[in-house]
Amino acid sequence: MSVKNIVLVHGGFVDGSGWEPVYKILKKDGYSVRIVQNPTLSLANDVAVTRRAIAAEDGPVILVGHSYGGVVVSEAGTDPKVKAVVYIAAFAPDKGESVSSLIANPPPGAPVPPILPPQGGFLFLDRSKFAASFAADVAPELAAFMADSQVPWGVEALAGAVSEPAWRTRPSWYLVATEDRMIPPPAQRAMAQRAGSQVVETSGSHSVYVSKPEVVAALIVQAARNSN
């Protein structure tokens, strides 16, 4: 029997609505799916919100994170109900690591995300460069909407360090987006290898969960079927 409960966690600059295409596929396949709406103000708060979503499910859970959501699921995934963690073009930090520490030394030649200087403790992406960096393979009108509806990402959330990563005690899966211009693909591969994840690669932007929901859903189903 597959694990039937899926909890999806979004990353920075966006909310949970981007998961809708993946949600529809998983629901059609008979899964119970819950989408966490993290405030992205602090890691501790986002983990608390995610753990409440896990608690609301009636059995074992597959926990999925995109981008910064990977940090959240690494910390929240030690919950006893979580059977596996799935990373979608996500950060997969080790103990003591945060987004801030993981992006401190980018690989030579890696694209630099167009993050604007902090405004009152919050970060935004340059709207004119959002599509190229975050959503290059998303329909232009949707990419523009994502740019114009950005969720402020708290500087404190970027500094939040993981205490004990779930991937050390749970099986994990990782989807590498090979055209990602936010988290360099070599960094994704390195984190996935360190975590011992089962890895799938696909051509896609950082918004691969929006542009290629079938690929993303298939990896989540793979985790659900192999995590009892």
# chains A, B, ... in the order shown; residues from 1 in each chain; ligands from 1
>>> closest_atom_pairs(of="stretch 107-177 of chain A", to="stretch 46-70 of chain A", cutoff="10 Å", atoms="only C-alpha atoms", output="Markdown table")
| residue | atom | partner | partner_atom | distance |
| --- | --- | --- | --- | --- |
| A:Trp153 | CA | A:Tyr68 | CA | 9.9 |
| A:Ala157 | CA | A:Asp46 | CA | 8.4 |
| A:Leu158 | CA | A:Tyr68 | CA | 8.1 |
| A:Ser172 | CA | A:Leu63 | CA | 9.6 |
| A:Trp173 | CA | A:Val64 | CA | 9.3 |
| A:Tyr174 | CA | A:Val64 | CA | 9.7 |
| A:Leu175 | CA | A:His66 | CA | 9.6 |
>>> select_by_dssp(residues="stretch 5-226 of chain A", states="strand (DSSP E or B)", output="ChimeraX atom specification")
/A:5-9,13,32-36,61-66,82-88,115,119,122-123,125,151,153-154,172-177,198-202
>>> residues_around(residues="stretch 159-162 of chain A", least_positions_apart="4", cutoff="8 Å", atoms="only C-alpha atoms", output="VMD selection string")
chain A and resid 42 to 44 71 74 to 75 93 to 101 155
>>> residues_around(residues="stretch 103-117 of chain A", least_positions_apart="4", cutoff="10 Å", atoms="only C-alpha atoms", output="list of chain:residue names")
A:Phe91, A:Ser98, A:Val99, A:Gly121, A:Phe122, A:Leu123, A:Phe124, A:Leu125, A:Asp126, A:Arg127, A:Ser128, A:Lys129, A:Phe130, A:Ala132, A:Ser133, A:Phe134, A:Leu158, A:Asp180, A:Arg181, A:Met182, A:Ile183, A:Pro184, A:Pro185, A:Pro186, A:Ala187
>>> closest_residue(among="A:Val221, A:Ala177, A:Leu142, A:Leu102", to="A:Leu26", atoms="only C-alpha atoms")
A:Val221
>>> residues_around(residues="stretch 164-171 of chain A", least_positions_apart="6", cutoff="9 Å", atoms="only C-alpha atoms", output="list in words")
Val71, Val73, Ser74, Glu75, Ala76, Gly77, Thr78, Asp79, Val82, Lys83, Ala84, Val85, Val86, Ala92, Pro93, Asp94, Lys95, Gly96, Ala195, Gly196, Ser197, Gln198, Ala223 and Ser227 of chain A
>>> write_last_selection(atoms="all heavy atoms", output="compact mmCIF listing (two decimals), in the first residue's frame")
# COMPACT_ATOMS: atom_id res chain seq x y z
N VAL A 71 14.36 23.35 3.17
CA VAL A 71 14.88 23.58 4.53
C VAL A 71 13.79 23.27 5.54
O VAL A 71 14.02 22.61 6.57
CB VAL A 71 15.37 25.04 4.69
CG1 VAL A 71 15.96 25.26 6.08
CG2 VAL A 71 16.38 25.40 3.61
N VAL A 73 11.17 21.24 5.22
CA VAL A 73 10.87 19.81 5.34
C VAL A 73 12.04 19.03 5.94
O VAL A 73 11.83 17.99 6.57
CB VAL A 73 10.44 19.18 3.98
CG1 VAL A 73 9.25 19.93 3.40
CG2 VAL A 73 11.57 19.10 2.99
N SER A 74 13.25 19.56 5.79
CA SER A 74 14.39 18.91 6.44
C SER A 74 14.25 18.97 7.95
O SER A 74 14.61 18.02 8.66
CB SER A 74 15.71 19.58 6.01
OG SER A 74 15.97 19.36 4.64
N GLU A 75 13.73 20.08 8.45
CA GLU A 75 13.55 20.24 9.89
C GLU A 75 12.27 19.59 10.38
O GLU A 75 12.26 18.91 11.41
CB GLU A 75 13.55 21.74 10.23
CG GLU A 75 13.44 22.05 11.72
CD GLU A 75 14.73 21.81 12.50
OE1 GLU A 75 15.76 21.49 11.91
OE2 GLU A 75 14.68 21.96 13.73
N ALA A 76 11.17 19.78 9.64
CA ALA A 76 9.87 19.24 10.07
C ALA A 76 9.74 17.75 9.79
O ALA A 76 8.89 17.07 10.39
CB ALA A 76 8.74 20.00 9.38
N GLY A 77 10.57 17.23 8.89
CA GLY A 77 10.42 15.84 8.45
C GLY A 77 10.83 14.79 9.46
O GLY A 77 10.65 13.60 9.19
N THR A 78 11.36 15.21 10.59
CA THR A 78 11.66 14.24 11.66
C THR A 78 10.41 13.86 12.44
O THR A 78 10.48 12.99 13.31
CB THR A 78 12.72 14.81 12.62
OG1 THR A 78 12.26 16.08 13.12
CG2 THR A 78 14.06 15.00 11.91
N ASP A 79 9.30 14.48 12.14
CA ASP A 79 8.02 14.10 12.75
C ASP A 79 7.78 12.62 12.52
O ASP A 79 7.99 12.11 11.42
CB ASP A 79 6.89 14.92 12.11
CG ASP A 79 5.55 14.69 12.78
OD1 ASP A 79 4.97 13.60 12.57
OD2 ASP A 79 5.07 15.59 13.47
N VAL A 82 6.09 11.28 9.31
CA VAL A 82 6.72 11.47 8.00
C VAL A 82 7.53 10.23 7.63
O VAL A 82 8.44 9.83 8.36
CB VAL A 82 7.62 12.72 7.99
CG1 VAL A 82 8.37 12.83 6.67
CG2 VAL A 82 6.78 13.97 8.23
N LYS A 83 7.20 9.64 6.49
CA LYS A 83 7.86 8.41 6.03
C LYS A 83 8.97 8.69 5.03
O LYS A 83 9.87 7.86 4.85
CB LYS A 83 6.83 7.46 5.43
CG LYS A 83 5.79 6.98 6.43
CD LYS A 83 6.45 6.29 7.61
CE LYS A 83 5.41 5.85 8.64
NZ LYS A 83 6.06 5.25 9.84
N ALA A 84 8.90 9.82 4.33
CA ALA A 84 9.93 10.18 3.35
C ALA A 84 9.84 11.68 3.08
O ALA A 84 8.80 12.30 3.30
CB ALA A 84 9.75 9.41 2.04
N VAL A 85 10.97 12.23 2.62
CA VAL A 85 10.99 13.63 2.21
C VAL A 85 11.37 13.70 0.74
O VAL A 85 12.19 12.91 0.25
CB VAL A 85 11.95 14.48 3.06
CG1 VAL A 85 11.39 14.72 4.45
CG2 VAL A 85 13.33 13.82 3.17
N VAL A 86 10.74 14.63 0.03
CA VAL A 86 10.98 14.81 -1.40
C VAL A 86 11.39 16.26 -1.63
O VAL A 86 10.71 17.18 -1.19
CB VAL A 86 9.72 14.48 -2.23
CG1 VAL A 86 10.01 14.64 -3.72
CG2 VAL A 86 9.22 13.07 -1.92
N ALA A 92 18.69 21.25 0.55
CA ALA A 92 18.66 20.08 1.43
C ALA A 92 19.80 20.23 2.44
O ALA A 92 20.86 19.61 2.30
CB ALA A 92 18.80 18.79 0.64
N PRO A 93 19.60 21.05 3.45
CA PRO A 93 20.70 21.39 4.36
C PRO A 93 21.04 20.27 5.33
O PRO A 93 20.21 19.42 5.66
CB PRO A 93 20.15 22.61 5.10
CG PRO A 93 18.66 22.43 5.06
CD PRO A 93 18.36 21.75 3.76
N ASP A 94 22.27 20.30 5.79
CA ASP A 94 22.71 19.41 6.86
C ASP A 94 22.57 20.16 8.19
O ASP A 94 22.20 21.34 8.22
CB ASP A 94 24.17 18.99 6.63
CG ASP A 94 24.53 17.68 7.32
OD1 ASP A 94 23.74 17.23 8.19
OD2 ASP A 94 25.59 17.12 7.01
N LYS A 95 22.87 19.50 9.27
CA LYS A 95 22.78 20.10 10.60
C LYS A 95 23.59 21.39 10.66
O LYS A 95 24.75 21.42 10.25
CB LYS A 95 23.29 19.10 11.65
CG LYS A 95 23.18 19.58 13.08
CD LYS A 95 23.60 18.48 14.04
CE LYS A 95 23.44 18.93 15.48
NZ LYS A 95 23.78 17.84 16.44
N GLY A 96 22.95 22.44 11.14
CA GLY A 96 23.61 23.73 11.30
C GLY A 96 23.63 24.60 10.06
O GLY A 96 24.07 25.75 10.12
N ALA A 195 22.67 13.70 0.69
CA ALA A 195 21.50 13.20 1.41
C ALA A 195 21.20 11.74 1.08
O ALA A 195 20.32 11.14 1.70
CB ALA A 195 20.29 14.07 1.09
N GLY A 196 21.90 11.19 0.10
CA GLY A 196 21.61 9.81 -0.31
C GLY A 196 20.27 9.68 -0.99
O GLY A 196 19.64 8.62 -0.96
N SER A 197 19.83 10.76 -1.63
CA SER A 197 18.52 10.76 -2.27
C SER A 197 18.51 9.94 -3.55
O SER A 197 19.54 9.81 -4.22
CB SER A 197 18.11 12.20 -2.62
OG SER A 197 18.11 13.05 -1.49
N GLN A 198 17.33 9.42 -3.88
CA GLN A 198 17.11 8.89 -5.21
C GLN A 198 16.84 10.09 -6.12
O GLN A 198 15.94 10.89 -5.83
CB GLN A 198 15.95 7.91 -5.22
CG GLN A 198 16.21 6.67 -4.38
CD GLN A 198 15.24 5.55 -4.69
OE1 GLN A 198 14.97 5.25 -5.85
NE2 GLN A 198 14.74 4.91 -3.65
N ALA A 223 7.93 8.07 -4.31
CA ALA A 223 8.26 8.10 -2.88
C ALA A 223 7.14 7.47 -2.05
O ALA A 223 7.39 6.69 -1.12
CB ALA A 223 8.51 9.54 -2.42
N SER A 227 7.86 3.88 0.51
CA SER A 227 8.25 4.42 1.82
C SER A 227 7.49 3.82 2.99
O SER A 227 7.41 4.43 4.05
CB SER A 227 8.06 5.95 1.81
OG SER A 227 8.87 6.53 0.83
>>> closest_residue(among="A:Ser207, A:Val33, A:Gly11, A:Glu201", to="A:Arg189", atoms="only C-alpha atoms")
A:Glu201
>>> atom_distance(atom1="atom CA of A:Tyr31", atom2="atom CA of A:Val176")
23.6 Å
>>> atom_distance(atom1="atom CA of A:Phe13", atom2="atom CA of A:Ala224")
27.7 Å
>>> closest_residue(among="A:Gly154, A:Gly204, A:Pro213, A:Pro118", to="A:Asn45", atoms="only C-alpha atoms")
A:Gly154
>>> closest_residue(among="A:Lys4, A:Arg225, A:His206, A:Lys81", to="A:Ser32", atoms="only C-alpha atoms")
A:Lys4
>>> closest_residue(among="A:Ala147, A:Ala217, A:Ile88, A:Val138", to="A:Met191", atoms="only C-alpha atoms")
A:Ile88
>>> atom_distance(atom1="atom CA of A:Val36", atom2="atom CA of A:Ser17")
9.7 Å
>>> residues_around(residues="A:Trp19", least_positions_apart="3", cutoff="8 Å", atoms="only C-alpha atoms", output="compact mmCIF listing (two decimals) with N, CA, C and O atoms, in the first residue's frame")
# COMPACT_ATOMS: atom_id res chain seq x y z
N LEU A 8 2.59 19.35 0.85
CA LEU A 8 3.42 20.14 -0.07
C LEU A 8 3.79 21.48 0.57
O LEU A 8 2.92 22.19 1.07
N HIS A 10 5.81 25.15 0.00
CA HIS A 10 6.37 26.08 -0.99
C HIS A 10 7.65 26.73 -0.48
O HIS A 10 8.01 26.63 0.69
N GLY A 16 1.53 28.94 -1.71
CA GLY A 16 1.26 27.55 -2.04
C GLY A 16 0.45 27.33 -3.31
O GLY A 16 0.31 26.19 -3.76
N VAL A 22 0.27 20.17 -9.55
CA VAL A 22 0.70 18.92 -8.91
C VAL A 22 -0.42 18.37 -8.03
O VAL A 22 -0.70 17.16 -8.04
N TYR A 23 -1.07 19.26 -7.30
CA TYR A 23 -2.19 18.89 -6.43
C TYR A 23 -3.28 18.15 -7.22
O TYR A 23 -3.77 17.09 -6.81
N ILE A 35 -1.71 21.49 1.27
CA ILE A 35 -0.71 22.48 0.88
C ILE A 35 -0.50 23.45 2.03
O ILE A 35 -1.45 24.09 2.51
N TYR A 209 7.97 22.80 -10.64
CA TYR A 209 6.73 22.26 -10.08
C TYR A 209 5.50 22.88 -10.74
O TYR A 209 4.41 22.29 -10.72
N VAL A 210 5.69 24.07 -11.34
CA VAL A 210 4.61 24.72 -12.08
C VAL A 210 4.63 24.27 -13.54
O VAL A 210 3.59 23.96 -14.14
>>> closest_residue(among="A:Ala90, A:Val151, A:Asn226, A:Met146", to="A:Gln188", atoms="only C-alpha atoms")
A:Ala90
>>> decode(residues="stretch 101-114 of chain A", atoms="C-alpha atoms", output="CSV table (one decimal), in the first residue's frame")
chain,number,residue,atom,x,y,z
A,101,SER,CA,25.1,29.4,4.5
A,102,LEU,CA,24.3,27.3,1.5
A,103,ILE,CA,24.3,30.3,-0.9
A,104,ALA,CA,27.4,32.0,0.6
A,105,ASN,CA,29.8,30.5,-1.9
A,106,PRO,CA,28.1,29.9,-5.3
A,107,PRO,CA,29.9,27.8,-7.9
A,108,PRO,CA,32.1,29.8,-10.3
A,109,GLY,CA,30.0,31.1,-13.2
A,110,ALA,CA,26.7,30.4,-11.5
A,111,PRO,CA,23.8,32.8,-12.3
A,112,VAL,CA,23.3,35.3,-9.6
A,113,PRO,CA,19.6,35.5,-8.5
A,114,PRO,CA,18.3,39.1,-8.9
